[in-house]
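For reference, model27.cif (mmCIF, N, CA and C atoms):
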```cif
data_start
#
loop_
_atom_site.label_atom_id
_atom_site.label_comp_id
_atom_site.auth_asym_id
_atom_site.auth_seq_id
_atom_site.Cartn_x
_atom_site.Cartn_y
_atom_site.Cartn_z
N MET A 491 23.37 223.76 68.14
CA MET A 491 22.34 222.82 68.60
C MET A 491 21.21 223.54 69.33
N ALA A 492 21.39 224.81 69.59
CA ALA A 492 20.39 225.53 70.36
C ALA A 492 19.06 225.64 69.61
N MET A 493 19.08 225.32 68.30
CA MET A 493 17.86 225.40 67.50
C MET A 493 16.84 224.36 67.92
N TYR A 494 17.30 223.28 68.55
CA TYR A 494 16.40 222.18 68.84
C TYR A 494 15.99 222.17 70.30
N ASN A 495 14.71 221.86 70.53
CA ASN A 495 14.27 221.75 71.92
C ASN A 495 14.70 220.40 72.49
N GLU A 496 14.48 220.22 73.79
CA GLU A 496 14.96 219.01 74.47
C GLU A 496 14.30 217.75 73.94
N LYS A 497 13.02 217.86 73.58
CA LYS A 497 12.31 216.66 73.11
C LYS A 497 12.88 216.19 71.78
N VAL A 498 13.16 217.12 70.88
CA VAL A 498 13.74 216.76 69.59
C VAL A 498 15.10 216.11 69.81
N MET A 499 15.89 216.71 70.69
CA MET A 499 17.22 216.16 70.99
C MET A 499 17.11 214.75 71.57
N ASP A 500 16.13 214.55 72.45
CA ASP A 500 15.95 213.25 73.08
C ASP A 500 15.61 212.19 72.02
N TYR A 501 14.71 212.53 71.11
CA TYR A 501 14.33 211.57 70.08
C TYR A 501 15.44 211.34 69.07
N PHE A 502 16.32 212.33 68.93
CA PHE A 502 17.47 212.16 68.04
C PHE A 502 18.52 211.27 68.71
N MET A 503 18.82 211.56 69.98
CA MET A 503 19.86 210.81 70.69
C MET A 503 19.39 209.40 71.08
N ASN A 504 18.09 209.28 71.39
CA ASN A 504 17.53 207.99 71.84
C ASN A 504 16.32 207.63 71.00
N PRO A 505 16.53 207.37 69.72
CA PRO A 505 15.37 207.12 68.86
C PRO A 505 14.59 205.87 69.26
N ARG A 506 13.27 205.97 69.23
CA ARG A 506 12.40 204.83 69.53
C ARG A 506 12.07 204.11 68.23
N ASN A 507 11.90 202.80 68.35
CA ASN A 507 11.42 201.99 67.22
C ASN A 507 12.35 202.01 66.01
N MET A 508 13.64 202.09 66.25
CA MET A 508 14.57 202.09 65.13
C MET A 508 14.80 200.66 64.66
N GLY A 509 14.94 200.48 63.36
CA GLY A 509 15.21 199.16 62.82
C GLY A 509 14.18 198.75 61.79
N GLU A 510 14.08 197.45 61.59
CA GLU A 510 13.18 196.92 60.57
C GLU A 510 12.35 195.80 61.17
N ILE A 511 11.09 195.73 60.79
CA ILE A 511 10.24 194.61 61.22
C ILE A 511 10.51 193.45 60.27
N GLU A 512 10.68 192.26 60.82
CA GLU A 512 10.86 191.09 59.96
C GLU A 512 9.53 190.71 59.35
N ASN A 513 9.53 190.41 58.06
CA ASN A 513 8.30 190.06 57.35
C ASN A 513 7.18 191.07 57.63
N PRO A 514 7.42 192.35 57.35
CA PRO A 514 6.41 193.36 57.66
C PRO A 514 5.19 193.23 56.75
N ASP A 515 4.08 193.80 57.19
CA ASP A 515 2.86 193.81 56.37
C ASP A 515 2.91 194.95 55.36
N GLY A 516 3.76 195.93 55.63
CA GLY A 516 3.90 197.03 54.69
C GLY A 516 5.23 197.73 54.92
N VAL A 517 5.86 198.17 53.82
CA VAL A 517 7.11 198.92 53.93
C VAL A 517 7.02 200.12 53.00
N GLY A 518 7.40 201.26 53.51
CA GLY A 518 7.42 202.45 52.66
C GLY A 518 8.77 203.12 52.77
N THR A 519 9.33 203.49 51.63
CA THR A 519 10.59 204.21 51.62
C THR A 519 10.36 205.53 50.93
N TYR A 520 10.88 206.59 51.52
CA TYR A 520 10.71 207.88 50.88
C TYR A 520 11.97 208.70 51.05
N GLY A 521 12.40 209.30 49.97
CA GLY A 521 13.60 210.12 50.04
C GLY A 521 13.33 211.50 49.51
N SER A 522 14.10 212.44 49.99
CA SER A 522 13.99 213.81 49.52
C SER A 522 15.16 214.14 48.64
N PRO A 523 14.89 214.46 47.37
CA PRO A 523 15.99 214.88 46.50
C PRO A 523 16.56 216.23 46.95
N VAL A 524 15.76 216.98 47.71
CA VAL A 524 16.18 218.31 48.15
C VAL A 524 17.34 218.22 49.14
N CYS A 525 17.20 217.35 50.16
CA CYS A 525 18.24 217.33 51.19
C CYS A 525 18.94 215.99 51.29
N GLY A 526 18.49 215.00 50.49
CA GLY A 526 19.17 213.71 50.52
C GLY A 526 18.77 212.81 51.67
N ASP A 527 17.81 213.23 52.50
CA ASP A 527 17.35 212.35 53.59
C ASP A 527 16.55 211.19 53.01
N MET A 528 16.69 210.02 53.62
CA MET A 528 15.93 208.85 53.22
C MET A 528 15.27 208.26 54.45
N MET A 529 14.03 207.83 54.31
CA MET A 529 13.32 207.22 55.41
C MET A 529 12.67 205.93 54.97
N GLN A 530 12.72 204.94 55.84
CA GLN A 530 11.99 203.71 55.58
C GLN A 530 11.14 203.40 56.81
N VAL A 531 9.88 203.14 56.59
CA VAL A 531 8.97 202.78 57.69
C VAL A 531 8.40 201.40 57.37
N SER A 532 8.48 200.48 58.34
CA SER A 532 7.85 199.17 58.16
C SER A 532 6.78 198.99 59.24
N ILE A 533 5.69 198.36 58.86
CA ILE A 533 4.56 198.21 59.79
C ILE A 533 4.05 196.78 59.86
N ARG A 534 3.50 196.44 61.02
CA ARG A 534 2.76 195.19 61.19
C ARG A 534 1.31 195.60 61.46
N VAL A 535 0.41 194.91 60.77
CA VAL A 535 -1.01 195.26 60.87
C VAL A 535 -1.81 194.03 61.26
N GLU A 536 -2.68 194.19 62.26
CA GLU A 536 -3.59 193.11 62.64
C GLU A 536 -4.98 193.71 62.78
N ASP A 537 -5.95 193.13 62.06
CA ASP A 537 -7.33 193.63 62.10
C ASP A 537 -7.39 195.14 61.89
N ASP A 538 -6.66 195.60 60.89
CA ASP A 538 -6.68 197.02 60.52
C ASP A 538 -6.06 197.94 61.57
N VAL A 539 -5.38 197.37 62.56
CA VAL A 539 -4.70 198.19 63.57
C VAL A 539 -3.19 197.99 63.40
N ILE A 540 -2.45 199.09 63.44
CA ILE A 540 -1.00 199.01 63.35
C ILE A 540 -0.47 198.60 64.72
N THR A 541 0.02 197.37 64.80
CA THR A 541 0.47 196.86 66.10
C THR A 541 1.95 197.12 66.34
N ASP A 542 2.69 197.38 65.24
CA ASP A 542 4.11 197.71 65.42
C ASP A 542 4.56 198.54 64.22
N ALA A 543 5.52 199.41 64.47
CA ALA A 543 6.08 200.23 63.41
C ALA A 543 7.54 200.49 63.75
N LYS A 544 8.39 200.39 62.75
CA LYS A 544 9.81 200.68 62.94
C LYS A 544 10.29 201.56 61.79
N PHE A 545 11.38 202.27 62.04
CA PHE A 545 11.88 203.15 60.99
C PHE A 545 13.38 203.03 60.87
N LYS A 546 13.87 203.33 59.68
CA LYS A 546 15.31 203.51 59.46
C LYS A 546 15.42 204.82 58.70
N THR A 547 16.22 205.71 59.21
CA THR A 547 16.35 207.02 58.56
C THR A 547 17.81 207.34 58.35
N PHE A 548 18.09 207.77 57.14
CA PHE A 548 19.42 208.26 56.82
C PHE A 548 19.21 209.75 56.64
N GLY A 549 19.63 210.53 57.63
CA GLY A 549 19.36 211.96 57.51
C GLY A 549 19.75 212.72 58.75
N CYS A 550 19.29 213.94 58.81
CA CYS A 550 19.65 214.83 59.91
C CYS A 550 18.87 214.48 61.17
N GLY A 551 19.22 215.13 62.25
CA GLY A 551 18.58 214.88 63.54
C GLY A 551 17.08 215.08 63.49
N SER A 552 16.63 216.11 62.76
CA SER A 552 15.19 216.38 62.68
C SER A 552 14.47 215.26 61.96
N ALA A 553 15.10 214.70 60.94
CA ALA A 553 14.49 213.61 60.19
C ALA A 553 14.37 212.37 61.07
N ILE A 554 15.42 212.10 61.85
CA ILE A 554 15.40 210.94 62.75
C ILE A 554 14.36 211.14 63.84
N ALA A 555 14.34 212.32 64.44
CA ALA A 555 13.36 212.61 65.50
C ALA A 555 11.93 212.53 64.95
N SER A 556 11.72 213.07 63.74
CA SER A 556 10.38 213.06 63.14
C SER A 556 9.90 211.65 62.88
N SER A 557 10.77 210.81 62.30
CA SER A 557 10.32 209.46 61.98
C SER A 557 10.16 208.62 63.24
N SER A 558 10.99 208.87 64.24
CA SER A 558 10.88 208.13 65.50
C SER A 558 9.56 208.43 66.19
N ILE A 559 9.23 209.71 66.30
CA ILE A 559 7.98 210.07 66.99
C ILE A 559 6.78 209.66 66.15
N ALA A 560 6.93 209.67 64.82
CA ALA A 560 5.82 209.27 63.95
C ALA A 560 5.46 207.81 64.16
N THR A 561 6.48 206.94 64.33
CA THR A 561 6.18 205.52 64.57
C THR A 561 5.46 205.36 65.90
N GLU A 562 5.86 206.14 66.91
CA GLU A 562 5.16 206.07 68.20
C GLU A 562 3.71 206.49 68.07
N MET A 563 3.48 207.52 67.25
CA MET A 563 2.12 208.03 67.06
C MET A 563 1.23 207.02 66.33
N MET A 564 1.84 206.17 65.49
CA MET A 564 1.07 205.21 64.69
C MET A 564 0.67 203.96 65.44
N ILE A 565 1.55 203.50 66.31
CA ILE A 565 1.33 202.20 66.96
C ILE A 565 0.05 202.23 67.80
N GLY A 566 -0.80 201.23 67.58
CA GLY A 566 -2.05 201.15 68.32
C GLY A 566 -3.20 201.87 67.63
N LYS A 567 -2.90 202.56 66.54
CA LYS A 567 -3.96 203.26 65.82
C LYS A 567 -4.46 202.41 64.66
N THR A 568 -5.69 202.68 64.25
CA THR A 568 -6.20 202.02 63.06
C THR A 568 -5.50 202.65 61.86
N ILE A 569 -5.60 202.00 60.72
CA ILE A 569 -4.97 202.53 59.51
C ILE A 569 -5.55 203.90 59.17
N ASP A 570 -6.86 204.03 59.31
CA ASP A 570 -7.48 205.34 59.01
C ASP A 570 -6.95 206.43 59.92
N GLU A 571 -6.77 206.10 61.20
CA GLU A 571 -6.23 207.08 62.15
C GLU A 571 -4.79 207.43 61.81
N ALA A 572 -4.01 206.41 61.43
CA ALA A 572 -2.61 206.65 61.08
C ALA A 572 -2.50 207.50 59.82
N LEU A 573 -3.40 207.28 58.87
CA LEU A 573 -3.38 208.06 57.64
C LEU A 573 -3.74 209.52 57.91
N ALA A 574 -4.44 209.76 59.00
CA ALA A 574 -4.87 211.12 59.33
C ALA A 574 -3.76 211.93 60.01
N ILE A 575 -2.66 211.26 60.39
CA ILE A 575 -1.55 211.98 61.02
C ILE A 575 -0.94 212.93 59.99
N THR A 576 -0.79 214.18 60.38
CA THR A 576 -0.22 215.18 59.46
C THR A 576 1.18 215.57 59.90
N ASN A 577 1.92 216.17 58.98
CA ASN A 577 3.26 216.62 59.36
C ASN A 577 3.18 217.67 60.46
N LYS A 578 2.08 218.44 60.47
CA LYS A 578 1.88 219.46 61.50
C LYS A 578 1.78 218.81 62.89
N GLN A 579 1.05 217.69 62.96
CA GLN A 579 0.92 216.98 64.24
C GLN A 579 2.26 216.42 64.69
N ILE A 580 3.05 215.94 63.73
CA ILE A 580 4.38 215.41 64.06
C ILE A 580 5.24 216.53 64.66
N VAL A 581 5.21 217.71 64.02
CA VAL A 581 5.97 218.86 64.52
C VAL A 581 5.48 219.25 65.92
N ASN A 582 4.16 219.30 66.10
CA ASN A 582 3.60 219.68 67.40
C ASN A 582 3.99 218.68 68.48
N GLU A 583 3.97 217.41 68.11
CA GLU A 583 4.31 216.35 69.05
C GLU A 583 5.76 216.49 69.50
N LEU A 584 6.61 216.96 68.61
CA LEU A 584 8.02 217.17 68.94
C LEU A 584 8.24 218.48 69.68
N GLY A 585 7.19 219.28 69.77
CA GLY A 585 7.33 220.57 70.45
C GLY A 585 7.94 221.63 69.54
N GLY A 586 7.85 221.39 68.24
CA GLY A 586 8.33 222.38 67.27
C GLY A 586 9.65 222.00 66.63
N LEU A 587 9.81 222.42 65.39
CA LEU A 587 11.08 222.24 64.66
C LEU A 587 11.43 223.59 64.04
N PRO A 588 12.72 223.83 63.82
CA PRO A 588 13.09 225.07 63.13
C PRO A 588 12.44 225.07 61.73
N PRO A 589 12.00 226.23 61.25
CA PRO A 589 11.30 226.30 59.96
C PRO A 589 12.03 225.58 58.83
N VAL A 590 13.36 225.68 58.82
CA VAL A 590 14.13 225.06 57.75
C VAL A 590 14.07 223.53 57.82
N LYS A 591 13.60 223.00 58.95
CA LYS A 591 13.56 221.55 59.14
C LYS A 591 12.14 220.97 59.05
N ILE A 592 11.16 221.82 58.76
CA ILE A 592 9.77 221.35 58.69
C ILE A 592 9.63 220.23 57.67
N HIS A 593 10.40 220.31 56.58
CA HIS A 593 10.26 219.30 55.53
C HIS A 593 10.57 217.90 56.05
N CYS A 594 11.35 217.79 57.12
CA CYS A 594 11.66 216.47 57.69
C CYS A 594 10.38 215.80 58.18
N SER A 595 9.46 216.59 58.74
CA SER A 595 8.20 216.02 59.22
C SER A 595 7.33 215.62 58.03
N VAL A 596 7.47 216.33 56.91
CA VAL A 596 6.73 215.97 55.70
C VAL A 596 7.21 214.62 55.18
N LEU A 597 8.53 214.40 55.26
CA LEU A 597 9.09 213.11 54.85
C LEU A 597 8.50 211.98 55.69
N ALA A 598 8.42 212.19 57.00
CA ALA A 598 7.91 211.16 57.90
C ALA A 598 6.45 210.86 57.57
N ASP A 599 5.68 211.91 57.34
CA ASP A 599 4.28 211.79 56.98
C ASP A 599 4.16 210.96 55.69
N HIS A 600 5.01 211.26 54.72
CA HIS A 600 4.96 210.56 53.43
C HIS A 600 5.41 209.10 53.57
N ALA A 601 6.40 208.86 54.41
CA ALA A 601 6.89 207.49 54.61
C ALA A 601 5.82 206.62 55.26
N ILE A 602 5.07 207.18 56.21
CA ILE A 602 3.95 206.45 56.84
C ILE A 602 2.95 206.05 55.76
N LYS A 603 2.56 207.03 54.95
CA LYS A 603 1.56 206.76 53.91
C LYS A 603 2.10 205.73 52.91
N SER A 604 3.40 205.78 52.61
CA SER A 604 3.98 204.81 51.68
C SER A 604 3.90 203.39 52.24
N ALA A 605 4.15 203.25 53.54
CA ALA A 605 4.09 201.93 54.18
C ALA A 605 2.65 201.39 54.14
N ILE A 606 1.69 202.27 54.43
CA ILE A 606 0.28 201.87 54.42
C ILE A 606 -0.16 201.56 52.98
N TYR A 607 0.35 202.35 52.04
CA TYR A 607 0.04 202.11 50.63
C TYR A 607 0.52 200.72 50.21
N ASP A 608 1.73 200.38 50.64
CA ASP A 608 2.30 199.06 50.33
C ASP A 608 1.40 197.97 50.91
N TYR A 609 0.96 198.16 52.15
CA TYR A 609 0.07 197.20 52.81
C TYR A 609 -1.25 197.09 52.02
N SER A 610 -1.79 198.22 51.59
CA SER A 610 -3.07 198.19 50.87
C SER A 610 -2.92 197.48 49.52
N GLN A 611 -1.75 197.65 48.90
CA GLN A 611 -1.49 196.97 47.62
C GLN A 611 -1.42 195.45 47.83
N LYS A 612 -0.77 195.04 48.92
CA LYS A 612 -0.60 193.61 49.19
C LYS A 612 -1.92 192.95 49.57
N THR A 613 -2.80 193.70 50.22
CA THR A 613 -4.03 193.11 50.75
C THR A 613 -5.23 193.42 49.87
N GLY A 614 -5.05 194.33 48.90
CA GLY A 614 -6.17 194.69 48.03
C GLY A 614 -7.21 195.54 48.73
N LYS A 615 -6.85 196.15 49.87
CA LYS A 615 -7.79 197.00 50.58
C LYS A 615 -7.64 198.44 50.10
N THR A 616 -8.71 199.19 50.20
CA THR A 616 -8.63 200.60 49.83
C THR A 616 -8.96 201.45 51.05
N TYR A 617 -8.27 202.56 51.16
CA TYR A 617 -8.46 203.48 52.28
C TYR A 617 -8.65 204.88 51.73
N ALA A 618 -9.63 205.58 52.30
CA ALA A 618 -9.95 206.92 51.83
C ALA A 618 -8.74 207.85 51.88
N GLY A 619 -7.92 207.70 52.92
CA GLY A 619 -6.77 208.58 53.09
C GLY A 619 -5.68 208.41 52.05
N LEU A 620 -5.81 207.37 51.21
CA LEU A 620 -4.77 207.10 50.21
C LEU A 620 -5.18 207.51 48.81
N GLU A 621 -6.38 208.08 48.67
CA GLU A 621 -6.84 208.45 47.33
C GLU A 621 -5.88 209.45 46.71
N GLY A 622 -5.44 209.13 45.51
CA GLY A 622 -4.55 210.05 44.81
C GLY A 622 -3.13 210.05 45.34
N PHE A 623 -2.84 209.15 46.28
CA PHE A 623 -1.48 209.11 46.84
C PHE A 623 -0.53 208.44 45.86
N ASP A 624 0.59 209.07 45.62
CA ASP A 624 1.61 208.49 44.73
C ASP A 624 2.88 208.28 45.53
N PRO A 625 3.22 207.01 45.82
CA PRO A 625 4.40 206.75 46.65
C PRO A 625 5.70 207.23 46.01
N ASN A 626 5.67 207.43 44.69
CA ASN A 626 6.89 207.84 44.00
C ASN A 626 6.95 209.34 43.72
N ALA A 627 5.98 210.07 44.25
CA ALA A 627 5.96 211.52 43.97
C ALA A 627 7.21 212.16 44.56
N GLU A 628 7.76 213.10 43.83
CA GLU A 628 8.93 213.83 44.32
C GLU A 628 8.45 214.82 45.37
N GLU A 629 9.28 215.06 46.35
CA GLU A 629 8.93 216.05 47.35
C GLU A 629 8.95 217.42 46.69
N ASP A 630 7.92 218.22 46.95
CA ASP A 630 7.96 219.57 46.37
C ASP A 630 8.37 220.55 47.46
N ASP A 631 8.63 221.76 47.05
CA ASP A 631 9.13 222.73 48.02
C ASP A 631 8.03 223.58 48.60
N HIS A 632 6.79 223.22 48.33
CA HIS A 632 5.70 224.10 48.75
C HIS A 632 4.85 223.47 49.83
N HIS A 633 5.46 222.87 50.86
CA HIS A 633 4.51 222.31 51.83
C HIS A 633 4.07 223.35 52.81
N ASP A 634 3.05 222.92 53.56
CA ASP A 634 2.47 223.84 54.54
C ASP A 634 3.47 224.06 55.64
N ILE A 635 3.82 225.29 55.85
CA ILE A 635 4.64 225.63 57.00
C ILE A 635 3.63 225.83 58.14
N PRO A 636 3.80 225.07 59.22
CA PRO A 636 2.80 225.21 60.31
C PRO A 636 2.72 226.66 60.79
N GLU A 637 1.48 227.08 61.02
CA GLU A 637 1.29 228.45 61.53
C GLU A 637 1.73 228.46 62.98
N GLU A 638 2.13 229.62 63.43
CA GLU A 638 2.51 229.70 64.85
C GLU A 638 1.27 229.61 65.71
#
```
Give the structure from this file in structure tokens form.
Amino acid sequence: MAMYNEKVMDYFMNPRNMGEIENPDGVGTYGSPVCGDMMQVSIRVEDDVITDAKFKTFGCGSAIASSSIATEMMIGKTIDEALAITNKQIVNELGGLPPVKIHCSVLADHAIKSAIYDYSQKTGKTYAGLEGFDPNAEEDDHHDIPEE
């Protein structure tokens, strides 16, 4: 367990915003065929602002910590701001993840975008941050490893 800093451990042991929103405005589910982790993010949106976000994650501690902190980062932000959240910011917010676990933050990033994509489909709205986004894309092994 020494690989994880205290903040990651805290978010793993005491995850924030766990669960599902009833009648959400958007739901995104994303799984990694590589490690078998699955994430679901549900959001409530009012006037283009994400007023609530919850997650359910089936996966390792890093995946749970990443999705938990990601929901915290989204709440109160506009959709455009939420779409701008990167996996690098999620890692930084957690105070770092072991390199082998960086992909967990990529999953969280993708799950957020999937939830917003679902919302945009339901409302017929378009967002610049979703151009070319494919909610069903398989996770690839070539994501950006955050620079030190």
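Take the PyMOL selection byres (((chain A and resi 577-583 and name CA) around 7) and name CA) and apply it to this file: it picks Ser556, Ala560, Ile575, Thr576, Leu584, Gly585, Gly586, Leu587, Ser595, Val596, Asp599 and Pro636 of chain A.
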Could you list the residues chosen by the PyMOL selection byres ((chain A and resi 605) around 6.5) in this structure as a ChimeraX atom specification? /A:516-519,531-533,600-604,606-610
Give the helix (DSSP H, G or I) residues of chain A, as DSSP finds them on the backbone, and put them as a PyMOL selection string. chain A and resi 496-503+551-564+569-573+577-583+589-613+618-620
Could you list, as a list of chain:residue names, every residue matched by the PyMOL selection byres (((chain A and resi 502 and name CA) around 9) and name CA) in this structure? A:Lys497, A:Val498, A:Met499, A:Asp500, A:Tyr501, A:Met503, A:Asn504, A:Pro505, A:Cys550, A:Gly551, A:Ser552, A:Ala553, A:Ile554, A:Ala555, A:Ser556, A:Ser558
Output the selection as an mmCIF file, keeping the file's coordinate frame - N, CA and C atoms for each residue.
```cif
data_model
loop_
_atom_site.group_PDB
_atom_site.id
_atom_site.type_symbol
_atom_site.label_atom_id
_atom_site.label_comp_id
_atom_site.auth_asym_id
_atom_site.auth_seq_id
_atom_site.Cartn_x
_atom_site.Cartn_y
_atom_site.Cartn_z
ATOM 1 N N LYS A 497 13.020 217.860 73.580
ATOM 2 C CA LYS A 497 12.310 216.660 73.110
ATOM 3 C C LYS A 497 12.880 216.190 71.780
ATOM 4 N N VAL A 498 13.160 217.120 70.880
ATOM 5 C CA VAL A 498 13.740 216.760 69.590
ATOM 6 C C VAL A 498 15.100 216.110 69.810
ATOM 7 N N MET A 499 15.890 216.710 70.690
ATOM 8 C CA MET A 499 17.220 216.160 70.990
ATOM 9 C C MET A 499 17.110 214.750 71.570
ATOM 10 N N ASP A 500 16.130 214.550 72.450
ATOM 11 C CA ASP A 500 15.950 213.250 73.080
ATOM 12 C C ASP A 500 15.610 212.190 72.020
ATOM 13 N N TYR A 501 14.710 212.530 71.110
ATOM 14 C CA TYR A 501 14.330 211.570 70.080
ATOM 15 C C TYR A 501 15.440 211.340 69.070
ATOM 16 N N MET A 503 18.820 211.560 69.980
ATOM 17 C CA MET A 503 19.860 210.810 70.690
ATOM 18 C C MET A 503 19.390 209.400 71.080
ATOM 19 N N ASN A 504 18.090 209.280 71.390
ATOM 20 C CA ASN A 504 17.530 207.990 71.840
ATOM 21 C C ASN A 504 16.320 207.630 71.000
ATOM 22 N N PRO A 505 16.530 207.370 69.720
ATOM 23 C CA PRO A 505 15.370 207.120 68.860
ATOM 24 C C PRO A 505 14.590 205.870 69.260
ATOM 25 N N CYS A 550 19.290 213.940 58.810
ATOM 26 C CA CYS A 550 19.650 214.830 59.910
ATOM 27 C C CYS A 550 18.870 214.480 61.170
ATOM 28 N N GLY A 551 19.220 215.130 62.250
ATOM 29 C CA GLY A 551 18.580 214.880 63.540
ATOM 30 C C GLY A 551 17.080 215.080 63.490
ATOM 31 N N SER A 552 16.630 216.110 62.760
ATOM 32 C CA SER A 552 15.190 216.380 62.680
ATOM 33 C C SER A 552 14.470 215.260 61.960
ATOM 34 N N ALA A 553 15.100 214.700 60.940
ATOM 35 C CA ALA A 553 14.490 213.610 60.190
ATOM 36 C C ALA A 553 14.370 212.370 61.070
ATOM 37 N N ILE A 554 15.420 212.100 61.850
ATOM 38 C CA ILE A 554 15.400 210.940 62.750
ATOM 39 C C ILE A 554 14.360 211.140 63.840
ATOM 40 N N ALA A 555 14.340 212.320 64.440
ATOM 41 C CA ALA A 555 13.360 212.610 65.500
ATOM 42 C C ALA A 555 11.930 212.530 64.950
ATOM 43 N N SER A 556 11.720 213.070 63.740
ATOM 44 C CA SER A 556 10.380 213.060 63.140
ATOM 45 C C SER A 556 9.900 211.650 62.880
ATOM 46 N N SER A 558 10.990 208.870 64.240
ATOM 47 C CA SER A 558 10.880 208.130 65.500
ATOM 48 C C SER A 558 9.560 208.430 66.190
#
```
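With atom CA of Ala618 of chain A on one side and atom CA of Ala572 of chain A on the other, the separation reads 11.8 Å.
Take atom N of Gly509 of chain A and atom CA of Thr616 of chain A: the distance between them is 27.2 Å.
Atom C of Lys544 of chain A sits 10.0 Å away from atom CA of Pro514 of chain A.
The nearest approach to Met529 of chain A among the residues A:Asp542, A:Thr547, A:Tyr494, A:Asn626, with only N, CA and C atoms taken into account, belongs to A:Thr547.
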Hey, could you patch up segment 596-602 of chain A with all heavy atoms and hand it over as a short mmCIF file (atom, residue, chain, number, x, y, z; two decimals), keeping the file's coordinate frame?
```cif
data_model
loop_
_atom_site.label_atom_id
_atom_site.label_comp_id
_atom_site.auth_asym_id
_atom_site.auth_seq_id
_atom_site.Cartn_x
_atom_site.Cartn_y
_atom_site.Cartn_z
N VAL A 596 7.47 216.33 56.91
CA VAL A 596 6.73 215.97 55.70
C VAL A 596 7.21 214.62 55.18
O VAL A 596 6.42 213.78 54.75
CB VAL A 596 6.90 217.06 54.61
CG1 VAL A 596 6.19 216.66 53.33
CG2 VAL A 596 6.38 218.41 55.11
N LEU A 597 8.53 214.40 55.26
CA LEU A 597 9.09 213.11 54.85
C LEU A 597 8.50 211.98 55.69
O LEU A 597 8.12 210.93 55.16
CB LEU A 597 10.61 213.09 55.06
CG LEU A 597 11.50 213.89 54.12
CD1 LEU A 597 12.95 213.69 54.53
CD2 LEU A 597 11.31 213.45 52.69
N ALA A 598 8.42 212.19 57.00
CA ALA A 598 7.91 211.16 57.90
C ALA A 598 6.45 210.86 57.57
O ALA A 598 6.03 209.69 57.48
CB ALA A 598 8.04 211.60 59.36
N ASP A 599 5.68 211.91 57.34
CA ASP A 599 4.28 211.79 56.98
C ASP A 599 4.16 210.96 55.69
O ASP A 599 3.34 210.04 55.58
CB ASP A 599 3.74 213.22 56.80
CG ASP A 599 2.30 213.27 56.34
OD1 ASP A 599 1.61 212.24 56.45
OD2 ASP A 599 1.88 214.33 55.86
N HIS A 600 5.01 211.26 54.72
CA HIS A 600 4.96 210.56 53.43
C HIS A 600 5.41 209.10 53.57
O HIS A 600 4.84 208.21 52.94
CB HIS A 600 5.85 211.29 52.41
CG HIS A 600 5.50 210.97 51.00
ND1 HIS A 600 4.76 211.80 50.21
CD2 HIS A 600 5.80 209.88 50.23
CE1 HIS A 600 4.61 211.25 49.00
NE2 HIS A 600 5.24 210.08 48.99
N ALA A 601 6.40 208.86 54.41
CA ALA A 601 6.89 207.49 54.61
C ALA A 601 5.82 206.62 55.26
O ALA A 601 5.66 205.44 54.90
CB ALA A 601 8.16 207.50 55.46
N ILE A 602 5.07 207.18 56.21
CA ILE A 602 3.95 206.45 56.84
C ILE A 602 2.95 206.05 55.76
O ILE A 602 2.53 204.90 55.66
CB ILE A 602 3.20 207.35 57.85
CG1 ILE A 602 4.07 207.65 59.08
CG2 ILE A 602 1.89 206.69 58.30
CD1 ILE A 602 3.44 208.68 60.01
#
```
